[in-house]
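Structure file coords_5.cif (mmCIF, C-alpha atoms (C1' of nucleotides)) is printed below.
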```
data_model
loop_
_atom_site.group_PDB
_atom_site.id
_atom_site.type_symbol
_atom_site.label_atom_id
_atom_site.label_comp_id
_atom_site.auth_asym_id
_atom_site.auth_seq_id
_atom_site.Cartn_x
_atom_site.Cartn_y
_atom_site.Cartn_z
ATOM 1 C CA MET A 1 -13.506 -8.735 -20.150
ATOM 2 C CA VAL A 2 -10.753 -7.080 -18.228
ATOM 3 C CA LYS A 3 -9.244 -9.655 -15.915
ATOM 4 C CA TYR A 4 -6.857 -8.041 -13.493
ATOM 5 C CA GLN A 5 -3.702 -9.700 -12.327
ATOM 6 C CA SER A 6 -3.360 -9.810 -8.584
ATOM 7 C CA GLN A 7 0.142 -8.400 -8.667
ATOM 8 C CA ASP A 8 -0.998 -5.434 -10.720
ATOM 9 C CA LEU A 9 -3.521 -4.561 -8.060
ATOM 10 C CA ASP A 10 -0.782 -4.961 -5.474
ATOM 11 C CA ALA A 11 1.321 -2.389 -7.262
ATOM 12 C CA VAL A 12 -1.535 0.022 -7.889
ATOM 13 C CA PHE A 13 -3.019 -0.058 -4.403
ATOM 14 C CA SER A 14 0.408 0.109 -2.794
ATOM 15 C CA ALA A 15 1.303 3.073 -4.971
ATOM 16 C CA LEU A 16 -1.886 4.822 -3.862
ATOM 17 C CA GLY A 17 -1.074 4.145 -0.221
ATOM 18 C CA ASP A 18 1.344 7.024 -0.040
ATOM 19 C CA PRO A 19 0.123 10.618 0.283
ATOM 20 C CA THR A 20 3.021 12.067 -1.699
ATOM 21 C CA ARG A 21 2.212 9.797 -4.596
ATOM 22 C CA ARG A 22 -1.491 10.602 -4.455
ATOM 23 C CA ALA A 23 -0.587 14.295 -4.469
ATOM 24 C CA ILE A 24 1.584 13.731 -7.519
ATOM 25 C CA LEU A 25 -1.273 11.997 -9.309
ATOM 26 C CA ALA A 26 -3.621 14.815 -8.337
ATOM 27 C CA ARG A 27 -1.173 17.294 -9.805
ATOM 28 C CA LEU A 28 -0.879 15.273 -12.984
ATOM 29 C CA ALA A 29 -4.644 15.245 -13.314
ATOM 30 C CA LEU A 30 -4.289 18.982 -13.988
ATOM 31 C CA GLY A 31 -1.971 18.252 -16.890
ATOM 32 C CA GLU A 32 1.499 17.171 -17.883
ATOM 33 C CA ALA A 33 4.390 18.194 -15.680
ATOM 34 C CA SER A 34 8.148 17.837 -15.528
ATOM 35 C CA VAL A 35 9.856 15.962 -12.718
ATOM 36 C CA GLY A 36 10.992 19.277 -11.285
ATOM 37 C CA ASP A 37 7.454 20.655 -11.374
ATOM 38 C CA LEU A 38 6.192 17.588 -9.574
ATOM 39 C CA ALA A 39 8.934 17.804 -6.967
ATOM 40 C CA ALA A 40 8.544 21.501 -6.201
ATOM 41 C CA PRO A 41 5.570 21.359 -3.792
ATOM 42 C CA HIS A 42 7.099 18.606 -1.711
ATOM 43 C CA GLU A 43 9.528 19.107 1.111
ATOM 44 C CA MET A 44 11.865 16.363 0.108
ATOM 45 C CA SER A 45 14.849 15.893 -2.135
ATOM 46 C CA LEU A 46 14.553 15.410 -5.865
ATOM 47 C CA PRO A 47 15.830 11.819 -5.684
ATOM 48 C CA ALA A 48 13.095 11.032 -3.202
ATOM 49 C CA VAL A 49 10.459 12.305 -5.611
ATOM 50 C CA SER A 50 12.194 10.494 -8.425
ATOM 51 C CA LYS A 51 11.726 7.266 -6.498
ATOM 52 C CA HIS A 52 8.036 7.966 -6.014
ATOM 53 C CA LEU A 53 7.716 8.539 -9.735
ATOM 54 C CA ARG A 54 9.383 5.219 -10.346
ATOM 55 C CA VAL A 55 6.842 3.516 -8.113
ATOM 56 C CA LEU A 56 3.989 5.154 -9.983
ATOM 57 C CA GLU A 57 5.569 4.236 -13.299
ATOM 58 C CA THR A 58 5.990 0.610 -12.254
ATOM 59 C CA ALA A 59 2.335 0.512 -11.258
ATOM 60 C CA GLY A 60 1.522 1.799 -14.736
ATOM 61 C CA LEU A 61 0.044 5.011 -13.386
ATOM 62 C CA LEU A 62 2.587 7.342 -14.936
ATOM 63 C CA ARG A 63 4.290 7.620 -18.282
ATOM 64 C CA LYS A 64 7.524 9.507 -18.761
ATOM 65 C CA GLU A 65 8.678 11.078 -21.975
ATOM 66 C CA LYS A 66 12.100 12.553 -22.266
ATOM 67 C CA ASP A 67 12.116 15.842 -24.097
ATOM 68 C CA GLY A 68 15.569 17.323 -24.193
ATOM 69 C CA ARG A 69 16.839 17.386 -20.666
ATOM 70 C CA VAL A 70 13.395 17.658 -19.153
ATOM 71 C CA VAL A 71 11.292 14.601 -18.491
ATOM 72 C CA ARG A 72 7.595 15.193 -19.022
ATOM 73 C CA CYS A 73 5.206 13.048 -16.989
ATOM 74 C CA ARG A 74 1.674 12.087 -17.892
ATOM 75 C CA LEU A 75 -1.025 10.490 -15.805
ATOM 76 C CA GLU A 76 -1.933 7.011 -16.980
ATOM 77 C CA ALA A 77 -5.201 6.371 -15.190
ATOM 78 C CA GLU A 78 -6.191 3.128 -16.854
ATOM 79 C CA PRO A 79 -4.857 0.856 -14.075
ATOM 80 C CA LEU A 80 -7.171 2.690 -11.697
ATOM 81 C CA ARG A 81 -10.027 1.125 -13.582
ATOM 82 C CA ASP A 82 -9.223 -2.334 -12.258
ATOM 83 C CA ALA A 83 -8.692 -0.924 -8.794
ATOM 84 C CA ALA A 84 -12.081 0.769 -8.939
ATOM 85 C CA ALA A 85 -13.648 -2.417 -10.282
ATOM 86 C CA TRP A 86 -12.197 -4.401 -7.405
ATOM 87 C CA ILE A 87 -13.530 -1.953 -4.857
ATOM 88 C CA ALA A 88 -16.913 -1.816 -6.558
ATOM 89 C CA GLU A 89 -17.535 -5.420 -5.508
ATOM 90 C CA TYR A 90 -17.959 -4.150 -1.972
ATOM 91 C CA ARG A 91 -20.196 -1.230 -2.727
ATOM 92 C CA ARG A 92 -23.361 -2.968 -1.546
ATOM 93 C CA PHE A 93 -21.836 -3.398 1.880
ATOM 94 C CA TRP A 94 -21.356 0.262 2.533
ATOM 95 C CA GLU A 95 -24.634 1.065 0.872
ATOM 96 C CA ALA A 96 -26.326 -1.396 3.173
ATOM 97 C CA GLN A 97 -24.859 0.491 6.070
ATOM 98 C CA LEU A 98 -26.160 3.767 4.683
ATOM 99 C CA ASP A 99 -29.583 2.193 4.255
ATOM 100 C CA ALA A 100 -29.464 1.073 7.859
ATOM 101 C CA LEU A 101 -28.632 4.617 8.889
ATOM 102 C CA ALA A 102 -31.477 5.961 6.787
ATOM 103 C CA GLY A 103 -33.809 3.463 8.389
ATOM 104 C CA TYR A 104 -32.620 4.478 11.796
ATOM 105 C CA LEU A 105 -33.156 8.164 11.083
ATOM 106 C CA GLU A 106 -36.596 7.386 9.708
ATOM 107 C CA GLY A 107 -37.352 5.573 12.930
ATOM 108 C CA LEU A 108 -36.356 8.673 14.869
ATOM 109 C CA ASP A 109 -38.728 10.713 12.744
ATOM 110 C CA GLU A 110 -41.609 8.488 13.697
ATOM 111 C CA GLU A 111 -40.812 8.941 17.334
ATOM 112 C CA VAL A 112 -41.182 12.699 17.095
ATOM 113 C CA MET B 1 -20.130 15.913 2.682
ATOM 114 C CA VAL B 2 -17.716 13.129 3.391
ATOM 115 C CA LYS B 3 -14.267 14.658 3.631
ATOM 116 C CA TYR B 4 -11.646 11.979 3.808
ATOM 117 C CA GLN B 5 -8.532 12.316 5.885
ATOM 118 C CA SER B 6 -5.351 11.700 3.971
ATOM 119 C CA GLN B 7 -4.063 9.258 6.562
ATOM 120 C CA ASP B 8 -7.260 7.226 6.360
ATOM 121 C CA LEU B 9 -6.722 6.768 2.655
ATOM 122 C CA ASP B 10 -3.126 5.828 3.386
ATOM 123 C CA ALA B 11 -4.298 3.056 5.666
ATOM 124 C CA VAL B 12 -7.049 1.837 3.351
ATOM 125 C CA PHE B 13 -5.010 1.790 0.156
ATOM 126 C CA SER B 14 -2.021 0.270 1.905
ATOM 127 C CA ALA B 15 -4.252 -2.412 3.388
ATOM 128 C CA LEU B 16 -5.570 -3.208 -0.087
ATOM 129 C CA GLY B 17 -2.030 -3.426 -1.445
ATOM 130 C CA ASP B 18 -1.569 -6.948 -0.115
ATOM 131 C CA PRO B 19 -3.112 -9.961 -1.875
ATOM 132 C CA THR B 20 -3.655 -11.911 1.343
ATOM 133 C CA ARG B 21 -5.635 -9.035 2.778
ATOM 134 C CA ARG B 22 -7.701 -8.613 -0.383
ATOM 135 C CA ALA B 23 -8.426 -12.348 -0.280
ATOM 136 C CA ILE B 24 -9.558 -11.991 3.318
ATOM 137 C CA LEU B 25 -11.890 -9.157 2.390
ATOM 138 C CA ALA B 26 -13.227 -11.204 -0.513
ATOM 139 C CA ARG B 27 -13.933 -14.053 1.881
ATOM 140 C CA LEU B 28 -15.647 -11.718 4.307
ATOM 141 C CA ALA B 29 -17.855 -10.440 1.520
ATOM 142 C CA LEU B 30 -19.398 -13.914 1.565
ATOM 143 C CA GLY B 31 -20.277 -13.509 5.224
ATOM 144 C CA GLU B 32 -18.926 -13.431 8.753
ATOM 145 C CA ALA B 33 -16.004 -15.671 9.600
ATOM 146 C CA SER B 34 -13.828 -16.561 12.546
ATOM 147 C CA VAL B 35 -10.113 -15.841 12.593
ATOM 148 C CA GLY B 36 -9.456 -19.537 12.087
ATOM 149 C CA ASP B 37 -11.810 -19.677 9.113
ATOM 150 C CA LEU B 38 -10.049 -16.726 7.557
ATOM 151 C CA ALA B 39 -6.642 -18.236 8.164
ATOM 152 C CA ALA B 40 -7.429 -21.704 6.797
ATOM 153 C CA PRO B 41 -7.011 -21.025 3.048
ATOM 154 C CA HIS B 42 -3.683 -19.303 3.509
ATOM 155 C CA GLU B 43 -0.348 -21.042 3.708
ATOM 156 C CA MET B 44 0.930 -19.068 6.605
ATOM 157 C CA SER B 45 0.820 -19.213 10.364
ATOM 158 C CA LEU B 46 -2.142 -18.035 12.377
ATOM 159 C CA PRO B 47 -0.195 -15.145 13.901
ATOM 160 C CA ALA B 48 0.647 -13.932 10.402
ATOM 161 C CA VAL B 49 -3.032 -13.862 9.497
ATOM 162 C CA SER B 50 -3.794 -12.254 12.831
ATOM 163 C CA LYS B 51 -1.455 -9.431 11.879
ATOM 164 C CA HIS B 52 -3.176 -8.977 8.545
ATOM 165 C CA LEU B 53 -6.488 -8.771 10.351
ATOM 166 C CA ARG B 54 -5.046 -6.114 12.598
ATOM 167 C CA VAL B 55 -4.017 -4.082 9.568
ATOM 168 C CA LEU B 56 -7.508 -4.370 8.113
ATOM 169 C CA GLU B 57 -9.030 -3.456 11.446
ATOM 170 C CA THR B 58 -6.820 -0.385 11.780
ATOM 171 C CA ALA B 59 -7.875 0.703 8.315
ATOM 172 C CA GLY B 60 -11.474 0.362 9.476
ATOM 173 C CA LEU B 61 -12.204 -2.387 6.981
ATOM 174 C CA LEU B 62 -12.874 -5.113 9.526
ATOM 175 C CA ARG B 63 -14.751 -5.351 12.765
ATOM 176 C CA LYS B 64 -14.078 -8.046 15.323
ATOM 177 C CA GLU B 65 -16.522 -9.346 17.852
ATOM 178 C CA LYS B 66 -15.453 -11.757 20.503
ATOM 179 C CA ASP B 67 -17.929 -14.534 21.053
ATOM 180 C CA GLY B 68 -16.689 -16.990 23.596
ATOM 181 C CA ARG B 69 -13.241 -18.027 22.532
ATOM 182 C CA VAL B 70 -13.922 -17.453 18.887
ATOM 183 C CA VAL B 71 -13.533 -14.020 17.305
ATOM 184 C CA ARG B 72 -16.046 -13.317 14.585
ATOM 185 C CA CYS B 73 -14.976 -10.923 11.855
ATOM 186 C CA ARG B 74 -17.208 -8.742 9.735
ATOM 187 C CA LEU B 75 -16.433 -6.752 6.636
ATOM 188 C CA GLU B 76 -16.710 -3.017 7.166
ATOM 189 C CA ALA B 77 -16.756 -1.682 3.637
ATOM 190 C CA GLU B 78 -17.553 1.926 4.351
ATOM 191 C CA PRO B 79 -13.931 3.168 4.179
ATOM 192 C CA LEU B 80 -13.816 1.804 0.643
ATOM 193 C CA ARG B 81 -16.298 4.487 -0.252
ATOM 194 C CA ASP B 82 -13.730 7.224 0.172
ATOM 195 C CA ALA B 83 -11.143 5.174 -1.669
ATOM 196 C CA ALA B 84 -13.562 4.687 -4.553
ATOM 197 C CA ALA B 85 -14.407 8.380 -4.491
ATOM 198 C CA TRP B 86 -10.739 9.288 -4.673
ATOM 199 C CA ILE B 87 -10.180 7.013 -7.637
ATOM 200 C CA ALA B 88 -13.327 8.253 -9.347
ATOM 201 C CA GLU B 89 -11.666 11.636 -9.813
ATOM 202 C CA TYR B 90 -9.477 10.008 -12.447
ATOM 203 C CA ARG B 91 -12.155 8.130 -14.276
ATOM 204 C CA ARG B 92 -12.293 10.569 -17.168
ATOM 205 C CA PHE B 93 -8.640 9.903 -17.909
ATOM 206 C CA TRP B 94 -9.049 6.240 -18.517
ATOM 207 C CA GLU B 95 -12.339 6.844 -20.289
ATOM 208 C CA ALA B 96 -10.545 9.241 -22.598
ATOM 209 C CA GLN B 97 -8.108 6.490 -23.393
ATOM 210 C CA LEU B 98 -10.941 4.096 -24.140
ATOM 211 C CA ASP B 99 -12.514 6.706 -26.391
ATOM 212 C CA ALA B 100 -9.232 7.030 -28.225
ATOM 213 C CA LEU B 101 -9.136 3.281 -28.664
ATOM 214 C CA ALA B 102 -12.708 3.259 -29.923
ATOM 215 C CA GLY B 103 -11.820 5.991 -32.374
ATOM 216 C CA TYR B 104 -8.841 4.025 -33.548
ATOM 217 C CA LEU B 105 -10.866 0.874 -34.057
ATOM 218 C CA GLU B 106 -13.486 2.893 -35.932
ATOM 219 C CA GLY B 107 -10.725 4.156 -38.160
ATOM 220 C CA LEU B 108 -9.687 0.590 -38.854
ATOM 221 C CA ASP B 109 -13.249 -0.231 -39.847
ATOM 222 C CA GLU B 110 -13.218 2.494 -42.447
ATOM 223 C CA GLU B 111 -10.095 1.100 -43.945
ATOM 224 C CA VAL B 112 -11.717 -2.287 -44.611
ATOM 225 C "C1'" DC C 1 -9.580 -29.620 37.719
ATOM 226 C "C1'" DT C 2 -7.358 -30.672 33.499
ATOM 227 C "C1'" DA C 3 -6.669 -30.624 28.860
ATOM 228 C "C1'" DA C 4 -7.704 -29.001 24.329
ATOM 229 C "C1'" DT C 5 -8.991 -25.037 21.354
ATOM 230 C "C1'" DA C 6 -8.961 -20.142 19.535
ATOM 231 C "C1'" DA C 7 -6.627 -16.472 19.305
ATOM 232 C "C1'" DT C 8 -3.153 -12.865 20.647
ATOM 233 C "C1'" DA C 9 1.477 -11.255 22.285
ATOM 234 C "C1'" DA C 10 6.365 -11.253 22.195
ATOM 235 C "C1'" DA C 11 10.713 -11.730 20.252
ATOM 236 C "C1'" DC C 12 13.054 -12.203 16.388
ATOM 237 C "C1'" DC C 13 14.518 -11.903 11.344
ATOM 238 C "C1'" DA C 14 14.988 -10.650 6.295
ATOM 239 C "C1'" DA C 15 13.474 -7.738 2.948
ATOM 240 C "C1'" DA C 16 11.128 -3.663 1.397
ATOM 241 C "C1'" DT C 17 10.161 1.354 1.964
ATOM 242 C "C1'" DG C 18 11.089 6.090 2.201
ATOM 243 C "C1'" DG C 19 14.225 9.136 3.058
ATOM 244 C "C1'" DT C 20 19.135 11.220 2.837
ATOM 245 C "C1'" DT C 21 23.686 12.961 0.495
ATOM 246 C "C1'" DA C 22 27.047 12.640 -3.030
ATOM 247 C "C1'" DA C 23 28.285 11.397 -7.716
ATOM 248 C "C1'" DG C 24 27.242 10.750 -12.454
ATOM 249 C "C1'" DT C 25 24.892 11.623 -17.074
ATOM 250 C "C1'" DA C 26 22.689 14.201 -20.664
ATOM 251 C "C1'" DT C 27 21.414 18.406 -22.536
ATOM 252 C "C1'" DC C 28 21.172 23.301 -23.247
ATOM 253 C "C1'" DA C 29 23.246 28.063 -23.054
ATOM 254 C "C1'" DA C 30 27.005 31.362 -23.216
ATOM 255 C "C1'" DT D 1 34.371 24.423 -24.254
ATOM 256 C "C1'" DT D 2 32.690 25.399 -20.013
ATOM 257 C "C1'" DG D 3 29.092 25.769 -16.933
ATOM 258 C "C1'" DA D 4 24.623 25.339 -15.371
ATOM 259 C "C1'" DT D 5 20.289 22.648 -15.488
ATOM 260 C "C1'" DA D 6 17.411 18.466 -15.041
ATOM 261 C "C1'" DC D 7 17.466 14.328 -13.693
ATOM 262 C "C1'" DT D 8 19.024 9.527 -12.253
ATOM 263 C "C1'" DT D 9 22.127 6.313 -9.840
ATOM 264 C "C1'" DA D 10 24.526 4.717 -5.974
ATOM 265 C "C1'" DA D 11 25.405 4.079 -1.326
ATOM 266 C "C1'" DC D 12 23.732 4.453 2.894
ATOM 267 C "C1'" DC D 13 20.391 4.576 6.931
ATOM 268 C "C1'" DA D 14 16.205 4.040 9.979
ATOM 269 C "C1'" DT D 15 11.737 2.285 10.061
ATOM 270 C "C1'" DT D 16 8.097 -0.599 8.529
ATOM 271 C "C1'" DT D 17 6.374 -4.871 6.757
ATOM 272 C "C1'" DG D 18 5.454 -9.620 6.522
ATOM 273 C "C1'" DG D 19 6.748 -13.605 8.011
ATOM 274 C "C1'" DT D 20 8.507 -17.066 11.663
ATOM 275 C "C1'" DT D 21 8.458 -19.662 16.335
ATOM 276 C "C1'" DT D 22 7.488 -19.754 21.064
ATOM 277 C "C1'" DA D 23 4.898 -18.264 24.917
ATOM 278 C "C1'" DT D 24 0.380 -16.572 27.029
ATOM 279 C "C1'" DT D 25 -4.394 -15.789 27.722
ATOM 280 C "C1'" DA D 26 -9.275 -17.037 27.536
ATOM 281 C "C1'" DT D 27 -12.702 -20.200 26.994
ATOM 282 C "C1'" DT D 28 -14.935 -24.579 26.387
ATOM 283 C "C1'" DA D 29 -15.122 -29.755 26.978
ATOM 284 C "C1'" DG D 30 -14.424 -33.944 29.595
#
```

Can I see the file as structure tokens?
Amino acid sequence: MVKYQSQDLDAVFSALGDPTRRAILARLALGEASVGDLAAPHEMSLPAVSKHLRVLETAGLLRKEKDGRVVRCRLEAEPLRDAAAWIAEYRRFWEAQLDALAGYLEGLDEEV
Amino acid sequence: MVKYQSQDLDAVFSALGDPTRRAILARLALGEASVGDLAAPHEMSLPAVSKHLRVLETAGLLRKEKDGRVVRCRLEAEPLRDAAAWIAEYRRFWEAQLDALAGYLEGLDEEV
DNA sequence: CTAATAATAAACCAAATGGTTAAGTATCAA
DNA sequence: TTGATACTTAACCATTTGGTTTATTATTAG
């Protein structure tokens, strides 16, 4: 059983709470990239991006590998599993709401 | 199609990045609760909890309903759907890692 | 009406966050 | 060896966050 540590979820969810970092992860989902590659699309300084990478790394979502003077970054999606598992606990609540909507729409049908 | 706004995900993921707020959501999953009920298990002042509730409310994860002088709070899980959907994009990455692990363990078996 | 209860608002504070620029460290190329 | 390239570190700054205590505002109970 995978028991997640509360502080891990803190780090993962917090890391995901920033659009720049989500964009970086999305880019990494397409494949490995250097720090420079990851920084390019963003209108901010390289150190700023470097900090975001550090946050992702600390959350366990990114792995760096130094290769000469370029640092290659890989997505490490495994921590997302616990995040997804946590969220999944609440699935029935939003599904219930969808069911209610379906019921409502069905009711409308009958009125036609 | 449910197209999620980046800023909504910001709010939802950020809201989930705090253990007190996740605990509150977990409590709400058990059923409606007043602000006082929600505050009780936490070693912090009522205003502090009130602020957390505000954050959850802003993220769309909580709905308040005033009933006399007590405010009843309900879980509103629907925004978690988009969060889960976002994370799901990365599922194959952690599954790949699990596959690799399985392969490795299989290899070990053969060596016995 | 008065007092207690439930919750929010306001004012404040320390620490964390997200950005900047400038300096420093490896590494590769000429 | 001398630059240029690819980053990271350091120092700084403004804003946000997460907490506090002290009012305030509604509402119910006596």

| query | From the list D:DT28, D:DT15, D:DT9, D:DT1, which residue is nearest chain B when using all atoms listed in the file? | reply |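 Of the candidates, the smallest distance to chain B is held by D:DT28.
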
| task | Name the closest residue to chain A among the candidates C:DT27, C:DT21, C:DT2, C:DT8; distances are taken between atoms, counting only C-alpha atoms (C1' of nucleotides). | result |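 That would be C:DT27, the residue with the smallest distance to chain A.
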
Selection in question (the file shown): the PyMOL selection byres ((chain D and resi 25) around 9). Which residues does it include, as a short mmCIF file (atom, residue, chain, number, x, y, z; two decimals) with C-alpha atoms (C1' of nucleotides), in the coordinates of the input?
```
data_model
loop_
_atom_site.label_atom_id
_atom_site.label_comp_id
_atom_site.auth_asym_id
_atom_site.auth_seq_id
_atom_site.Cartn_x
_atom_site.Cartn_y
_atom_site.Cartn_z
"C1'" DA C 7 -6.63 -16.47 19.30
"C1'" DT C 8 -3.15 -12.86 20.65
"C1'" DT D 24 0.38 -16.57 27.03
"C1'" DA D 26 -9.28 -17.04 27.54
#
```

| field | Selection result of the PyMOL selection byres ((chain A and resi 7-9) around 10) on this file, as a PyMOL selection string | value | (chain A and resi 4-6+10-15+58-60+79-80+82-83+86) or (chain B and resi 16-19+22)

| Ground truth for the PyMOL selection byres ((chain C and resi 30) around 10), written as a list in words |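 Given this file, the PyMOL selection byres ((chain C and resi 30) around 10) evaluates to DC28 and DA29 of chain C; DT2 and DG3 of chain D.
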
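Put simply, C1' of DG19 in chain C is 22.3 Å away from CA of Cys73 in chain A.
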
| Of the residues C:DA16, C:DA4, C:DA10, C:DG24, which is the one nearest to DA23 in chain D, using all atoms listed in the file? |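 For DA23 in chain D, the nearest of the given residues is C:DA10.
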
| message | One decimal, in Å: what's the spacing between C1' of DT5 in chain C and CA of Val70 in chain B? | response |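 Here the two named atoms are 9.4 Å from each other.
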
| request: At a cut-off of 10 Å, list the chain A residues touching chain C, using only C-alpha atoms (C1' of nucleotides), as a ChimeraX atom specification. | output: /A:44-45,47-49,51-52,67-70
